[in-house]
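As provided, target.cif (mmCIF, C-alpha atoms) reads as follows.
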data_work
#
loop_
_atom_site.label_atom_id
_atom_site.label_comp_id
_atom_site.auth_asym_id
_atom_site.auth_seq_id
_atom_site.Cartn_x
_atom_site.Cartn_y
_atom_site.Cartn_z
CA MET A 1 -4.15 11.27 -1.52
CA ALA A 2 -0.54 10.10 -1.70
CA GLN A 3 1.67 11.62 -4.38
CA LEU A 4 1.87 9.46 -7.50
CA ALA A 5 5.08 9.83 -9.48
CA SER A 6 3.81 8.29 -12.69
CA ALA A 7 0.29 9.30 -13.69
CA VAL A 8 -2.66 11.31 -12.39
CA PRO A 9 -5.96 9.37 -12.14
CA ILE A 10 -9.09 11.15 -13.35
CA VAL A 11 -12.53 9.68 -12.66
CA ALA A 12 -15.12 10.12 -15.41
CA LEU A 13 -18.42 11.63 -14.31
CA ASP A 14 -20.35 9.93 -17.09
CA VAL A 15 -23.67 10.38 -15.31
CA PRO A 16 -26.94 12.05 -16.38
CA ASP A 17 -27.10 14.94 -13.93
CA ALA A 18 -25.23 17.09 -11.42
CA VAL A 19 -26.79 15.39 -8.40
CA ALA A 20 -25.32 12.01 -9.40
CA ALA A 21 -21.99 13.61 -10.27
CA LEU A 22 -21.55 15.41 -6.97
CA ALA A 23 -22.68 12.33 -5.04
CA LEU A 24 -19.88 10.33 -6.69
CA VAL A 25 -17.33 13.04 -5.88
CA ASP A 26 -18.44 13.07 -2.25
CA GLU A 27 -18.35 9.25 -2.11
CA LEU A 28 -14.73 9.09 -3.31
CA GLY A 29 -13.62 12.04 -1.18
CA GLU A 30 -9.86 12.35 -0.88
CA LEU A 31 -9.30 9.24 -3.00
CA CYS A 32 -9.74 11.32 -6.16
CA ARG A 33 -9.22 15.04 -6.73
CA PHE A 34 -9.55 15.18 -10.53
CA TYR A 35 -12.76 14.53 -12.50
CA LYS A 36 -13.83 14.38 -16.12
CA VAL A 37 -16.95 16.21 -17.29
CA GLY A 38 -17.96 14.92 -20.71
CA SER A 39 -20.67 15.67 -23.23
CA GLU A 40 -23.47 13.85 -21.41
CA LEU A 41 -23.07 15.69 -18.11
CA PHE A 42 -22.15 19.05 -19.61
CA THR A 43 -25.18 18.97 -21.93
CA ALA A 44 -27.46 18.14 -18.99
CA ALA A 45 -26.00 20.42 -16.32
CA GLY A 46 -24.00 23.06 -18.20
CA PRO A 47 -21.23 25.25 -16.79
CA ALA A 48 -22.83 25.15 -13.33
CA VAL A 49 -21.56 21.61 -12.75
CA VAL A 50 -17.98 22.72 -13.42
CA GLU A 51 -18.44 25.57 -10.94
CA ALA A 52 -19.87 23.14 -8.36
CA LEU A 53 -16.89 20.83 -8.77
CA ARG A 54 -14.41 23.67 -8.45
CA ALA A 55 -16.24 24.76 -5.28
CA ARG A 56 -15.38 21.31 -3.90
CA ASP A 57 -11.73 22.08 -4.66
CA VAL A 58 -11.30 19.32 -7.24
CA ASP A 59 -9.74 19.73 -10.67
CA VAL A 60 -11.87 19.43 -13.81
CA PHE A 61 -11.06 17.87 -17.15
CA LEU A 62 -13.64 19.23 -19.62
CA ASP A 63 -13.85 16.52 -22.27
CA LEU A 64 -15.89 18.25 -24.98
CA LYS A 65 -13.80 17.16 -27.98
CA LEU A 66 -14.28 20.49 -29.75
CA HIS A 67 -14.18 20.41 -33.55
CA ASP A 68 -15.18 23.61 -35.36
CA ILE A 69 -13.69 26.58 -37.17
CA PRO A 70 -10.66 28.03 -35.33
CA ASN A 71 -12.37 31.21 -34.13
CA THR A 72 -15.27 29.29 -32.59
CA VAL A 73 -12.93 26.85 -30.88
CA ARG A 74 -10.80 29.71 -29.56
CA GLY A 75 -13.86 31.25 -27.91
CA ALA A 76 -15.01 27.95 -26.44
CA ALA A 77 -11.54 27.28 -25.03
CA ARG A 78 -11.46 30.75 -23.50
CA SER A 79 -14.81 30.05 -21.82
CA ALA A 80 -13.56 26.70 -20.50
CA ALA A 81 -10.53 28.37 -18.94
CA ARG A 82 -12.73 31.03 -17.32
CA LEU A 83 -14.83 28.26 -15.76
CA GLY A 84 -11.70 26.89 -14.14
CA ALA A 85 -11.17 23.77 -16.25
CA ARG A 86 -7.64 22.42 -15.97
CA LEU A 87 -7.80 20.32 -19.15
CA LEU A 88 -9.86 20.58 -22.35
CA THR A 89 -10.07 18.29 -25.37
CA VAL A 90 -10.29 19.18 -29.04
CA HIS A 91 -10.13 16.84 -32.04
CA ALA A 92 -6.66 16.72 -33.59
CA SER A 93 -8.34 16.04 -36.93
CA GLY A 94 -9.66 19.61 -36.83
CA GLY A 95 -6.23 20.66 -38.06
CA VAL A 96 -3.23 22.58 -36.78
CA ASP A 97 -4.88 26.00 -37.08
CA MET A 98 -7.81 24.87 -34.95
CA VAL A 99 -5.57 23.40 -32.25
CA VAL A 100 -3.44 26.57 -32.25
CA ALA A 101 -6.62 28.61 -31.76
CA ALA A 102 -7.67 26.38 -28.85
CA VAL A 103 -4.29 26.78 -27.17
CA ASP A 104 -4.51 30.54 -27.63
CA GLY A 105 -8.02 30.69 -26.17
CA ALA A 106 -7.28 28.38 -23.24
CA GLY A 107 -4.28 30.40 -22.11
CA PRO A 108 -1.75 29.26 -19.49
CA THR A 109 -4.17 27.79 -16.94
CA CYS A 110 -6.02 25.24 -19.09
CA GLY A 111 -4.11 22.56 -20.99
CA VAL A 112 -5.39 21.62 -24.44
CA LEU A 113 -5.33 17.91 -25.27
CA ALA A 114 -5.73 16.87 -28.90
CA VAL A 115 -7.76 13.68 -29.37
CA THR A 116 -6.04 11.42 -31.89
CA VAL A 117 -8.01 8.18 -32.47
CA LEU A 118 -10.94 7.28 -30.23
CA THR A 119 -10.38 4.11 -28.21
CA SER A 120 -13.64 2.70 -29.61
CA HIS A 121 -11.92 2.37 -33.01
CA ASP A 122 -9.78 -0.44 -34.30
CA ALA A 123 -7.98 -0.36 -37.66
CA ALA A 124 -10.98 -1.63 -39.64
CA SER A 125 -13.56 0.74 -38.17
CA LEU A 126 -11.22 3.73 -38.43
CA ALA A 127 -10.53 2.96 -42.09
CA ARG A 128 -14.26 2.77 -42.80
CA ALA A 129 -14.93 6.03 -40.98
CA TRP A 130 -12.22 7.89 -42.86
CA GLY A 131 -12.91 6.33 -46.25
CA ARG A 132 -9.69 4.34 -46.56
CA LYS A 133 -9.14 0.77 -47.74
CA SER A 134 -6.74 0.21 -44.86
CA LEU A 135 -5.23 2.26 -42.08
CA ASP A 136 -2.56 1.76 -39.43
CA VAL A 137 -3.90 3.12 -36.13
CA ARG A 138 -0.43 3.56 -34.62
CA ALA A 139 0.82 5.54 -37.63
CA GLU A 140 -2.27 7.74 -37.56
CA VAL A 141 -1.88 8.46 -33.85
CA LEU A 142 1.77 9.40 -34.35
CA ARG A 143 0.89 11.66 -37.31
CA LEU A 144 -1.73 13.51 -35.29
CA ALA A 145 0.59 13.70 -32.27
CA ASP A 146 3.20 15.40 -34.46
CA GLN A 147 0.60 17.99 -35.47
CA ALA A 148 -0.46 18.53 -31.86
CA ARG A 149 3.12 19.20 -30.81
CA PHE A 150 3.58 21.63 -33.72
CA ALA A 151 0.46 23.46 -32.47
CA ASN A 152 1.96 23.68 -28.93
CA ALA A 153 -0.82 21.58 -27.38
CA HIS A 154 -0.35 20.48 -23.77
CA GLY A 155 -0.72 16.91 -24.92
CA ILE A 156 -2.80 14.33 -26.71
CA VAL A 157 -5.36 11.63 -26.00
CA CYS A 158 -4.42 8.16 -27.20
CA SER A 159 -4.94 4.56 -26.16
CA GLY A 160 -2.53 2.59 -24.02
CA ASP A 161 -1.41 0.75 -27.14
CA GLU A 162 0.26 3.88 -28.53
CA VAL A 163 1.56 5.51 -25.34
CA ALA A 164 5.08 4.06 -25.47
CA ASP A 165 5.52 5.01 -29.14
CA VAL A 166 4.31 8.58 -28.66
CA HIS A 167 6.29 9.02 -25.44
CA GLY A 168 9.41 7.68 -27.13
CA ARG A 169 8.99 10.16 -29.96
CA HIS A 170 7.98 13.27 -28.01
CA GLY A 171 9.04 12.69 -24.40
CA SER A 172 7.82 15.37 -21.99
CA ALA A 173 6.92 17.72 -24.87
CA LEU A 174 3.48 16.09 -24.97
CA ARG A 175 1.48 14.96 -21.96
CA LEU A 176 -0.42 11.77 -22.70
CA LEU A 177 -3.95 11.14 -21.46
CA VAL A 178 -5.18 7.57 -21.73
CA PRO A 179 -8.86 6.59 -21.58
CA GLY A 180 -10.10 3.01 -21.74
CA ILE A 181 -8.42 2.11 -18.44
CA ARG A 182 -9.52 -1.24 -17.06
CA LEU A 183 -8.40 -3.18 -14.00
CA ALA A 184 -6.99 -6.62 -14.69
CA GLY A 185 -9.85 -9.00 -15.43
CA GLY A 186 -12.33 -6.17 -16.04
CA GLU A 187 -14.65 -5.96 -19.03
CA SER A 188 -13.66 -3.80 -22.04
CA HIS A 189 -17.30 -2.74 -22.69
CA ASP A 190 -17.42 -0.62 -25.90
CA GLN A 191 -13.68 0.10 -25.97
CA ALA A 192 -11.58 -1.68 -28.58
CA ARG A 193 -8.17 -0.71 -27.14
CA VAL A 194 -7.93 -0.91 -23.34
CA VAL A 195 -5.06 -1.06 -20.85
CA THR A 196 -4.44 -1.44 -17.11
CA PRO A 197 -3.41 1.55 -14.97
CA ALA A 198 0.08 0.19 -14.30
CA ARG A 199 0.80 -0.61 -17.94
CA ALA A 200 -0.29 2.86 -19.09
CA ALA A 201 1.69 4.62 -16.37
CA MET A 202 4.87 2.65 -17.00
CA ALA A 203 4.61 3.36 -20.74
CA GLY A 204 4.63 7.12 -20.14
CA ALA A 205 1.02 8.24 -19.55
CA SER A 206 0.55 11.49 -17.62
CA TYR A 207 -3.20 11.16 -17.01
CA LEU A 208 -5.47 8.11 -16.76
CA VAL A 209 -9.24 8.34 -17.22
CA LEU A 210 -11.13 5.87 -15.06
CA GLY A 211 -14.69 5.19 -16.10
CA ARG A 212 -16.67 2.05 -15.41
CA ALA A 213 -13.65 0.36 -13.80
CA VAL A 214 -14.45 2.60 -10.81
CA THR A 215 -17.92 4.04 -11.36
CA ALA A 216 -19.64 0.72 -12.10
CA ALA A 217 -17.93 -1.13 -9.25
CA ALA A 218 -20.04 -2.49 -6.41
CA ASP A 219 -17.65 -0.75 -3.99
CA ARG A 220 -16.38 2.35 -5.76
CA PRO A 221 -13.96 3.56 -3.03
CA ALA A 222 -12.42 0.08 -2.92
CA ALA A 223 -12.02 0.07 -6.72
CA MET A 224 -10.35 3.48 -6.55
CA GLU A 225 -8.03 2.24 -3.81
CA ARG A 226 -7.08 -0.68 -6.04
CA VAL A 227 -6.17 1.74 -8.85
CA LEU A 228 -4.06 3.86 -6.51
CA THR A 229 -2.27 0.81 -5.14
CA GLU A 230 -1.47 -0.34 -8.67
CA LEU A 231 -0.14 3.11 -9.59
CA ARG A 232 2.04 3.29 -6.48
CA GLY A 233 3.51 -0.06 -7.46
CA ALA A 234 4.20 1.23 -10.98
CA ALA A 235 5.93 4.31 -9.57
CA ALA A 236 8.11 2.39 -7.13
#

Just give me the structure as structure tokens.
Amino acid sequence: MAQLASAVPIVALDVPDAVAALALVDELGELCRFYKVGSELFTAAGPAVVEALRARDVDVFLDLKLHDIPNTVRGAARSAARLGARLLTVHASGGVDMVVAAVDGAGPTCGVLAVTVLTSHDAASLARAWGRKSLDVRAEVLRLADQARFANAHGIVCSGDEVADVHGRHGSALRLLVPGIRLAGGESHDQARVVTPARAAMAGASYLVLGRAVTAAADRPAAMERVLTELRGAAA
């Protein structure tokens, strides 16, 4: 795969079992060398699927969104690092002490990303979930990003809408992972805040998570090629 100066694409293995996951990896081949293992696949297949992916010499983003007491999260992060995960998510709302514990457990080989506001939320739904009359999503993302930086996290997860603001505030001190990536003209599905690969990359994203934009395409390698072409254009 050609070197991309702007952002690293990560394909989401949001499938029910290891057989489907590994088939997708084999189908994309050299077009993608970084994959997300989320709750659905990890619950079904366990650590063995991470080991199988690493055996194929691809990088793994373990998207478990940990949220527990600091000691428990520290142990889980340590286990993720031992499996060979390159990235791991925890919820920023778990607090600074929890994120610090995750960073400590993950060590130098596994970057901890703090999830700020899920891309399925808009201002109204987030306010309802957190018991507020009103809430500014951008302000909340920036507040949680500040906490993540204080905790020495590798980066944060935010939508494309907030990337430029967070990057402007923190620069390279926080790596930004953006889910909800959609190709131009694609459906948003259950995501409230979506963005194209080029827009996210040019705004300062370090990692882009590609779900149904690639995995639900009739021709998945062609969809992945389209993403890579768009990212090369953004990096030019």

Quick one: which stretch 112-223 of chain A residues come within 9 Å of stretch 55-76 of chain A, and what is the nearest atom pair for each with the distance in Å to one decimal, counting only C-alpha atoms, rows ordered by chain and ascending number, as JSON lines?
{"residue": "A:Leu113", "atom": "CA", "partner": "A:Lys65", "partner_atom": "CA", "distance": 8.9}
{"residue": "A:Ala114", "atom": "CA", "partner": "A:Lys65", "partner_atom": "CA", "distance": 8.1}
{"residue": "A:Val115", "atom": "CA", "partner": "A:Lys65", "partner_atom": "CA", "distance": 7.1}

Store the residues picked out above, limited to C-alpha atoms, as a CSV table (one decimal), in the coordinates of the input.
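This went into part32.csv:
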chain,number,residue,atom,x,y,z
A,113,LEU,CA,-5.3,17.9,-25.3
A,114,ALA,CA,-5.7,16.9,-28.9
A,115,VAL,CA,-7.8,13.7,-29.4

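Checking A:Gly46, A:Leu28, A:Val112, A:Tyr207 one by one against A:Val100, counting only C-alpha atoms, you find the shortest gap at A:Val112.
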
Distance of atom CA of A:Pro179 from atom CA of A:Ala102, expressed in Å to one decimal place: 21.1 Å

Atomic separation - atom CA of A:Asp26 relative to atom CA of A:Gly180, Å: 23.5 Å

Do a neighbour search on stretch 29-33 of chain A at 8 Å with all atoms listed in the file, toss out local chain neighbours closer than 6 positions, and write the hits as a PDB file with C-alpha atoms, in the frame of the given file.
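Output file selection.pdb follows:
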ATOM      1  CA  MET A   1      -4.150  11.270  -1.520  1.00  0.00           C
ATOM      2  CA  PRO A   9      -5.960   9.370 -12.140  1.00  0.00           C
ATOM      3  CA  ILE A  10      -9.090  11.150 -13.350  1.00  0.00           C
ATOM      4  CA  VAL A  11     -12.530   9.680 -12.660  1.00  0.00           C
ATOM      5  CA  ASP A  57     -11.730  22.080  -4.660  1.00  0.00           C
ATOM      6  CA  VAL A  58     -11.300  19.320  -7.240  1.00  0.00           C
ATOM      7  CA  ASP A  59      -9.740  19.730 -10.670  1.00  0.00           C
ATOM      8  CA  PRO A 221     -13.960   3.560  -3.030  1.00  0.00           C
ATOM      9  CA  MET A 224     -10.350   3.480  -6.550  1.00  0.00           C
ATOM     10  CA  GLU A 225      -8.030   2.240  -3.810  1.00  0.00           C
TER      11      GLU A 225
END

Output of the PyMOL selection byres ((chain A and resi 40) around 8), listed as a list of chain:residue names: A:Asp14, A:Val15, A:Pro16, A:Gly38, A:Ser39, A:Leu41, A:Phe42, A:Thr43, A:Ala44

Picked residues, the PyMOL selection byres ((chain A and resi 145) around 9), expected as a ChimeraX atom specification: /A:92,114-116,140-144,146-150,155-157,166,170,174
